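Containing CSV, C-alpha atoms: query09.csv.
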```
chain,number,residue,atom,x,y,z
A,1,GLN,CA,6.7,1.3,14.0
A,2,GLN,CA,4.8,-1.3,12.1
A,3,PRO,CA,1.2,-1.8,13.2
A,4,VAL,CA,0.2,-5.3,14.2
A,5,GLN,CA,-2.7,-7.0,12.5
A,6,SER,CA,-4.7,-9.9,13.9
A,7,PRO,CA,-5.6,-12.5,13.0
A,8,GLN,CA,-2.9,-13.4,10.4
A,9,ALA,CA,-5.4,-15.5,8.5
A,10,VAL,CA,-9.0,-16.4,8.7
A,11,ILE,CA,-11.2,-18.9,6.8
A,12,LEU,CA,-15.0,-18.2,6.5
A,13,ARG,CA,-18.0,-19.7,4.9
A,14,GLU,CA,-20.1,-17.4,2.7
A,15,GLY,CA,-22.4,-15.4,4.8
A,16,GLU,CA,-20.3,-15.4,8.0
A,17,ASP,CA,-18.8,-12.3,9.6
A,18,ALA,CA,-15.2,-11.4,10.4
A,19,VAL,CA,-13.3,-8.8,12.3
A,20,ILE,CA,-9.7,-7.8,11.5
A,21,ASN,CA,-7.8,-5.7,14.0
A,22,CYS,CA,-4.9,-3.3,13.5
A,23,SER,CA,-3.1,-2.1,16.6
A,24,SER,CA,-0.4,0.4,17.1
A,25,SER,CA,2.0,1.1,20.0
A,26,LYS,CA,1.8,4.8,19.3
A,27,ALA,CA,-1.0,7.3,19.0
A,28,LEU,CA,-2.4,7.5,15.5
A,29,TYR,CA,-3.5,10.2,13.2
A,30,SER,CA,-5.0,8.0,10.5
A,31,VAL,CA,-5.7,4.4,9.5
A,32,HIS,CA,-6.0,3.3,5.9
A,33,TRP,CA,-7.5,0.0,4.9
A,34,TYR,CA,-6.7,-1.8,1.6
A,35,ARG,CA,-7.5,-5.2,0.1
A,36,GLN,CA,-5.2,-7.1,-2.2
A,37,LYS,CA,-6.1,-10.1,-4.3
A,38,HIS,CA,-3.4,-12.5,-5.3
A,39,GLY,CA,-1.3,-11.2,-8.1
A,40,GLU,CA,-3.2,-7.9,-8.2
A,41,ALA,CA,-2.6,-4.4,-6.8
A,42,PRO,CA,-4.0,-3.2,-3.4
A,43,VAL,CA,-7.4,-1.6,-3.7
A,44,PHE,CA,-8.4,1.2,-1.3
A,45,LEU,CA,-11.3,0.5,1.0
A,46,MET,CA,-11.4,3.4,3.4
A,47,ILE,CA,-9.5,6.0,5.6
A,48,LEU,CA,-10.3,6.8,9.2
A,49,LEU,CA,-8.9,10.0,10.7
A,50,LYS,CA,-8.3,10.9,14.3
A,51,GLY,CA,-11.6,11.6,15.9
A,52,GLY,CA,-12.8,8.1,16.7
A,53,GLU,CA,-14.9,7.8,13.6
A,54,GLN,CA,-16.6,4.9,12.0
A,55,LYS,CA,-17.0,4.4,8.3
A,56,GLY,CA,-18.6,1.9,6.1
A,57,HIS,CA,-19.8,1.0,2.6
A,58,ASP,CA,-21.9,-2.0,1.6
A,59,LYS,CA,-21.2,-4.7,4.2
A,60,ILE,CA,-17.6,-3.6,5.1
A,61,SER,CA,-17.2,-1.0,7.8
A,62,ALA,CA,-14.4,0.1,10.1
A,63,SER,CA,-13.9,1.8,13.4
A,64,PHE,CA,-11.0,3.8,14.9
A,65,ASN,CA,-10.5,3.9,18.6
A,66,GLU,CA,-7.8,6.5,19.4
A,67,LYS,CA,-7.7,5.7,23.0
A,68,LYS,CA,-6.9,2.0,22.3
A,69,GLN,CA,-4.7,3.0,19.3
A,70,GLN,CA,-6.6,0.5,17.3
A,71,SER,CA,-8.7,0.1,14.3
A,72,SER,CA,-11.0,-2.7,13.4
A,73,LEU,CA,-12.4,-3.7,10.0
A,74,TYR,CA,-15.8,-5.5,10.0
A,75,LEU,CA,-16.9,-7.7,7.2
A,76,THR,CA,-20.5,-8.7,7.4
A,77,ALA,CA,-22.3,-11.5,5.6
A,78,SER,CA,-19.0,-12.3,3.7
A,79,GLN,CA,-19.1,-12.9,0.0
A,80,LEU,CA,-16.6,-15.0,-2.1
A,81,SER,CA,-15.3,-11.7,-3.5
A,82,TYR,CA,-14.1,-10.6,-0.1
A,83,SER,CA,-11.3,-13.1,-0.3
A,84,GLY,CA,-7.8,-11.5,-0.3
A,85,THR,CA,-5.3,-10.0,2.0
A,86,TYR,CA,-6.3,-7.0,4.0
A,87,PHE,CA,-3.7,-4.4,5.0
A,88,CYS,CA,-3.9,-1.5,7.4
A,89,GLY,CA,-1.6,1.4,7.0
A,90,THR,CA,-1.1,3.9,9.8
A,91,ALA,CA,0.2,7.4,10.1
A,92,LEU,CA,1.3,9.0,13.3
A,93,ASN,CA,0.6,12.6,12.2
A,94,ALA,CA,-0.5,14.5,9.2
A,95,GLY,CA,3.0,14.7,7.6
A,96,ASN,CA,3.9,11.1,8.3
A,97,MET,CA,4.5,8.3,5.9
A,98,LEU,CA,2.2,5.3,6.1
A,99,THR,CA,3.5,2.2,7.7
A,100,PHE,CA,1.7,-1.0,6.8
A,101,GLY,CA,0.8,-4.0,8.9
A,102,GLY,CA,1.8,-7.5,7.8
A,103,GLY,CA,-1.7,-8.2,6.4
A,104,THR,CA,-4.5,-10.6,7.2
A,105,ARG,CA,-5.3,-13.3,4.7
A,106,LEU,CA,-9.0,-13.9,4.4
A,107,MET,CA,-10.5,-16.8,2.5
A,108,VAL,CA,-14.2,-17.1,2.0
A,109,LYS,CA,-15.4,-20.5,1.0
A,110,PRO,CA,-18.8,-21.4,-0.6
B,1,ASP,CA,-9.7,7.3,-16.9
B,2,ALA,CA,-7.0,4.6,-17.6
B,3,GLY,CA,-5.9,4.5,-14.0
B,4,VAL,CA,-2.3,4.5,-12.8
B,5,ILE,CA,0.0,3.1,-15.5
B,6,GLN,CA,3.3,1.5,-14.7
B,7,SER,CA,6.0,0.2,-17.1
B,8,PRO,CA,7.4,-2.3,-17.6
B,9,ARG,CA,5.2,-4.9,-16.0
B,10,HIS,CA,8.1,-7.3,-15.7
B,11,GLU,CA,11.8,-6.6,-15.6
B,12,VAL,CA,14.6,-9.1,-15.3
B,13,THR,CA,18.1,-7.7,-15.0
B,14,GLU,CA,21.6,-8.7,-13.9
B,15,MET,CA,23.1,-7.6,-10.7
B,16,GLY,CA,24.9,-4.3,-11.1
B,17,GLN,CA,22.7,-3.0,-13.9
B,18,GLU,CA,20.7,0.2,-13.7
B,19,VAL,CA,16.9,-0.3,-13.6
B,20,THR,CA,14.3,2.4,-14.2
B,21,LEU,CA,10.7,2.0,-13.4
B,22,ARG,CA,8.1,4.3,-14.8
B,23,CYS,CA,4.7,5.6,-13.6
B,24,LYS,CA,2.0,7.8,-15.0
B,25,PRO,CA,-0.4,8.8,-12.3
B,26,ILE,CA,-4.1,9.5,-12.7
B,27,SER,CA,-4.7,12.9,-14.3
B,28,GLY,CA,-5.6,15.5,-11.6
B,29,HIS,CA,-4.1,13.6,-8.7
B,30,ASN,CA,-1.5,15.7,-6.9
B,31,SER,CA,0.0,13.0,-4.6
B,32,LEU,CA,2.2,10.1,-5.9
B,33,PHE,CA,3.6,7.2,-3.9
B,34,TRP,CA,6.2,4.5,-4.7
B,35,TYR,CA,5.8,1.2,-2.8
B,36,ARG,CA,7.8,-2.0,-2.7
B,37,GLN,CA,6.3,-5.4,-1.8
B,38,THR,CA,8.1,-8.6,-0.8
B,39,MET,CA,7.1,-11.7,1.1
B,40,MET,CA,9.7,-11.0,3.7
B,41,ARG,CA,9.1,-7.3,4.3
B,42,GLY,CA,5.5,-6.9,3.2
B,43,LEU,CA,4.3,-3.6,1.8
B,44,GLU,CA,6.7,-0.7,2.3
B,45,LEU,CA,6.2,3.0,1.3
B,46,LEU,CA,9.4,4.2,-0.3
B,47,ILE,CA,8.7,7.9,-1.1
B,48,TYR,CA,5.9,10.3,-1.4
B,49,PHE,CA,5.5,13.3,-3.8
B,50,ASN,CA,3.1,16.1,-3.4
B,51,ASN,CA,2.7,18.5,-6.4
B,52,ASN,CA,5.8,16.9,-8.0
B,53,VAL,CA,7.9,17.7,-4.9
B,54,PRO,CA,9.4,14.9,-2.9
B,55,ILE,CA,8.0,15.3,0.6
B,56,ASP,CA,9.3,12.3,2.5
B,57,ASP,CA,11.8,9.8,1.2
B,58,SER,CA,12.6,8.2,4.5
B,59,GLY,CA,11.4,4.8,3.2
B,60,MET,CA,14.0,4.7,0.4
B,61,PRO,CA,16.3,1.8,1.5
B,62,GLU,CA,19.7,3.1,0.2
B,63,ASP,CA,21.4,5.7,-1.9
B,64,ARG,CA,21.2,3.2,-4.8
B,65,PHE,CA,17.5,4.2,-5.0
B,66,SER,CA,16.4,7.5,-6.4
B,67,ALA,CA,13.0,8.8,-7.5
B,68,LYS,CA,12.0,11.8,-9.6
B,69,MET,CA,8.8,13.5,-10.7
B,70,PRO,CA,9.7,16.0,-13.4
B,71,ASN,CA,6.0,16.8,-14.1
B,72,ALA,CA,2.5,16.0,-12.9
B,73,SER,CA,2.1,13.1,-15.3
B,74,PHE,CA,5.3,11.2,-14.9
B,75,SER,CA,7.6,9.7,-12.2
B,76,THR,CA,10.5,7.3,-12.2
B,77,LEU,CA,12.1,5.1,-9.6
B,78,LYS,CA,15.7,4.2,-10.4
B,79,ILE,CA,18.0,1.6,-8.9
B,80,GLN,CA,21.7,1.9,-9.6
B,81,PRO,CA,23.4,-0.5,-9.2
B,82,SER,CA,20.7,-3.2,-8.7
B,83,GLU,CA,21.2,-6.1,-6.4
B,84,PRO,CA,19.4,-9.5,-6.0
B,85,ARG,CA,17.8,-8.3,-2.7
B,86,ASP,CA,16.0,-5.5,-4.7
B,87,SER,CA,13.8,-8.2,-6.3
B,88,ALA,CA,10.2,-7.3,-5.5
B,89,VAL,CA,7.0,-5.9,-6.9
B,90,TYR,CA,7.2,-2.1,-7.1
B,91,PHE,CA,3.9,-0.3,-7.1
B,92,CYS,CA,3.1,3.3,-7.9
B,93,ALA,CA,0.0,4.9,-6.5
B,94,SER,CA,-1.7,8.3,-6.8
B,95,SER,CA,-4.3,10.2,-4.9
B,96,HIS,CA,-6.0,13.6,-4.4
B,97,GLY,CA,-3.8,14.5,-1.5
B,98,ARG,CA,-2.2,12.4,1.2
B,99,ASP,CA,-5.3,11.8,3.3
B,100,ARG,CA,-7.3,10.4,0.5
B,101,GLY,CA,-7.6,6.9,-0.9
B,102,ALA,CA,-4.7,6.0,-3.2
B,103,PHE,CA,-5.2,4.2,-6.5
B,104,PHE,CA,-2.5,1.7,-7.3
B,105,GLY,CA,-0.9,0.7,-10.7
B,106,GLN,CA,-0.6,-2.9,-11.6
B,107,GLY,CA,3.0,-3.0,-10.4
B,108,THR,CA,6.4,-3.9,-11.9
B,109,ARG,CA,7.8,-7.2,-10.9
B,110,LEU,CA,11.5,-6.8,-10.7
B,111,THR,CA,13.9,-9.8,-10.7
B,112,VAL,CA,17.6,-9.1,-10.2
B,113,VAL,CA,19.8,-12.2,-11.0
```
For the file at hand, write its structure as structure tokens.
Amino acid sequence: QQPVQSPQAVILREGEDAVINCSSSKALYSVHWYRQKHGEAPVFLMILLKGGEQKGHDKISASFNEKKQQSSLYLTASQLSYSGTYFCGTALNAGNMLTFGGGTRLMVKP
Amino acid sequence: DAGVIQSPRHEVTEMGQEVTLRCKPISGHNSLFWYRQTMMRGLELLIYFNNNVPIDDSGMPEDRFSAKMPNASFSTLKIQPSEPRDSAVYFCASSHGRDRGAFFGQGTRLTVV
């Protein structure tokens, strides 16, 4: 079951904040976040495991709400380098394959 | 470390031909993944190896697709016979275990005409 990402696209000015959501219709074991720039490979951002944790590095953080079967990626004080497509990948249990959402295209303008 | 290395970077082939994509994972990583990305279907995980053993190939679309990992430093994804709908970017990624961040290769852009 493919997770649903929202919004599909967002345009920001440098310094603005954004939230990207990833929702599942089933209980999740883990959520993986990646960013992909045009013509490049996806780059790993972070993994959140069952337990309702929150992670972050620099100005990008994420939360995982098991009850809501949802994860959110928070981008604070966005920089031009944050532009790209953000994907969440979800696993239903420890032995499961990842299923990726359709992506959220983020564009940060000067 | 050189990162995950894939070859070729681009492949154009005729329908019906056999195509072999190659991947060298990061040294020391014990998990390897093959992905396919298209505009229509997005990013799909095809197969996952752990310690050179295929663990889950439920993402492999058809019997025309096969993947092998004969040793810890090499994997192949083969399509035989290829069809135009197989055109996509194929990524290989590796990690220290399944629940760790995966590092992607630069991908192979396959075009089947």
- Message: I'd like to know which of B:Gly3, B:Ser94, B:Leu43, B:Glu62 is closest to chain A, using all atoms listed in the file.
- Response: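 Nearest candidate to chain A out of B:Gly3, B:Ser94, B:Leu43, B:Glu62: B:Leu43.
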Using only C-alpha atoms, find each residue of chain B with at least one atom at most 6 Å away from an atom of chain A; report its shortest atom-to-atom pair and that distance in Å (one decimal), sort the rows by chain and rising residue number, and return the result as JSON lines.
```
{"residue": "B:Gly42", "atom": "CA", "partner": "A:Gly102", "partner_atom": "CA", "distance": 5.9}
{"residue": "B:Gly101", "atom": "CA", "partner": "A:Phe44", "partner_atom": "CA", "distance": 5.8}
{"residue": "B:Gln106", "atom": "CA", "partner": "A:Ala41", "partner_atom": "CA", "distance": 5.4}
```
- Query: Which residue, B:Gln80, B:Thr108, B:Asn51, B:Ser87, has the smallest gap to B:Ser66 when you use only C-alpha atoms?
  - Reply: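 That would be B:Gln80, the residue with the smallest distance to B:Ser66.
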- Message: Residues within 7 Å of stretch 17-25 of chain A, please, as a list of chain:residue names. Count all atoms listed in the file; anything in the same chain fewer than 3 positions from it doesn't count.
- Response: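 The residues that qualify are A:Pro3, A:Val4, A:Gln5, A:Ser6, A:Pro7, A:Gln69, A:Gln70, A:Ser71, A:Ser72, A:Leu73, A:Tyr74, A:Leu75, A:Thr76, A:Ala77, A:Ser78, A:Cys88.
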- Query: Mind pulling up the distance from atom CA of B:Gly16 to atom CA of B:Arg109?
  - Reply: 17.3 Å
- Show which residues sit within 7 Å of B:Glu83, as a list in words. Count all atoms listed in the file, and ignore same-chain residues fewer than 2 positions away. Met15, Gly16, Pro81, Arg85, Asp86 and Val112 of chain B
- Query: Just how far from atom CA of B:Ser95 is atom CA of B:Asp56, in Å to one decimal?
  - Reply: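 Taking atom CA of B:Asp56 and atom CA of B:Ser95, their separation equals 15.6 Å.
For the set B:Met40, B:Gln17, B:Gly105, B:Pro25, the residue with the smallest atom-to-atom gap to B:Ala72 is B:Pro25, counting only C-alpha atoms.
A straight-line distance of 11.1 Å separates atom CA of B:Gln6 from atom CA of B:Ile26.
For the residues A:Arg105, A:Lys37, A:Lys68, A:Lys50, ranking by smallest atom-to-atom distance to A:Ser81 using only C-alpha atoms places A:Lys37 first.
Of the listed residues (A:Leu106, A:Glu66, A:Gly56, A:Glu14), A:Glu14 comes nearest to A:Leu80; the distances count all atoms listed in the file.
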- Task: For B:Cys23, list every protein, DNA or RNA residue within 7 Å, evaluated using only C-alpha atoms, and leave out those in the same chain fewer than 5 positions away; present the list as a PyMOL selection string.
- Result: chain B and resi 5-7+74-76+92
- Query: Counting only C-alpha atoms, which of B:Arg98, B:Tyr48, B:Leu110, B:Glu18 gets nearest to B:Ser82?
  - Reply: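 Between B:Arg98, B:Tyr48, B:Leu110, B:Glu18, the residue approaching B:Ser82 most closely is B:Glu18.
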Near A:Pro110, counting only C-alpha atoms, which residues have an atom at most 9 Å away, once you skip same-chain residues fewer than 2 positions from it, shown as a compact mmCIF listing (two decimals) with C-alpha atoms, keeping the file's coordinate frame?
```
# COMPACT_ATOMS: atom_id res chain seq x y z
CA LEU A 12 -15.00 -18.20 6.50
CA ARG A 13 -18.00 -19.70 4.90
CA GLU A 14 -20.10 -17.40 2.70
CA GLY A 15 -22.40 -15.40 4.80
CA GLN A 79 -19.10 -12.90 0.00
CA LEU A 80 -16.60 -15.00 -2.10
CA VAL A 108 -14.20 -17.10 2.00
```
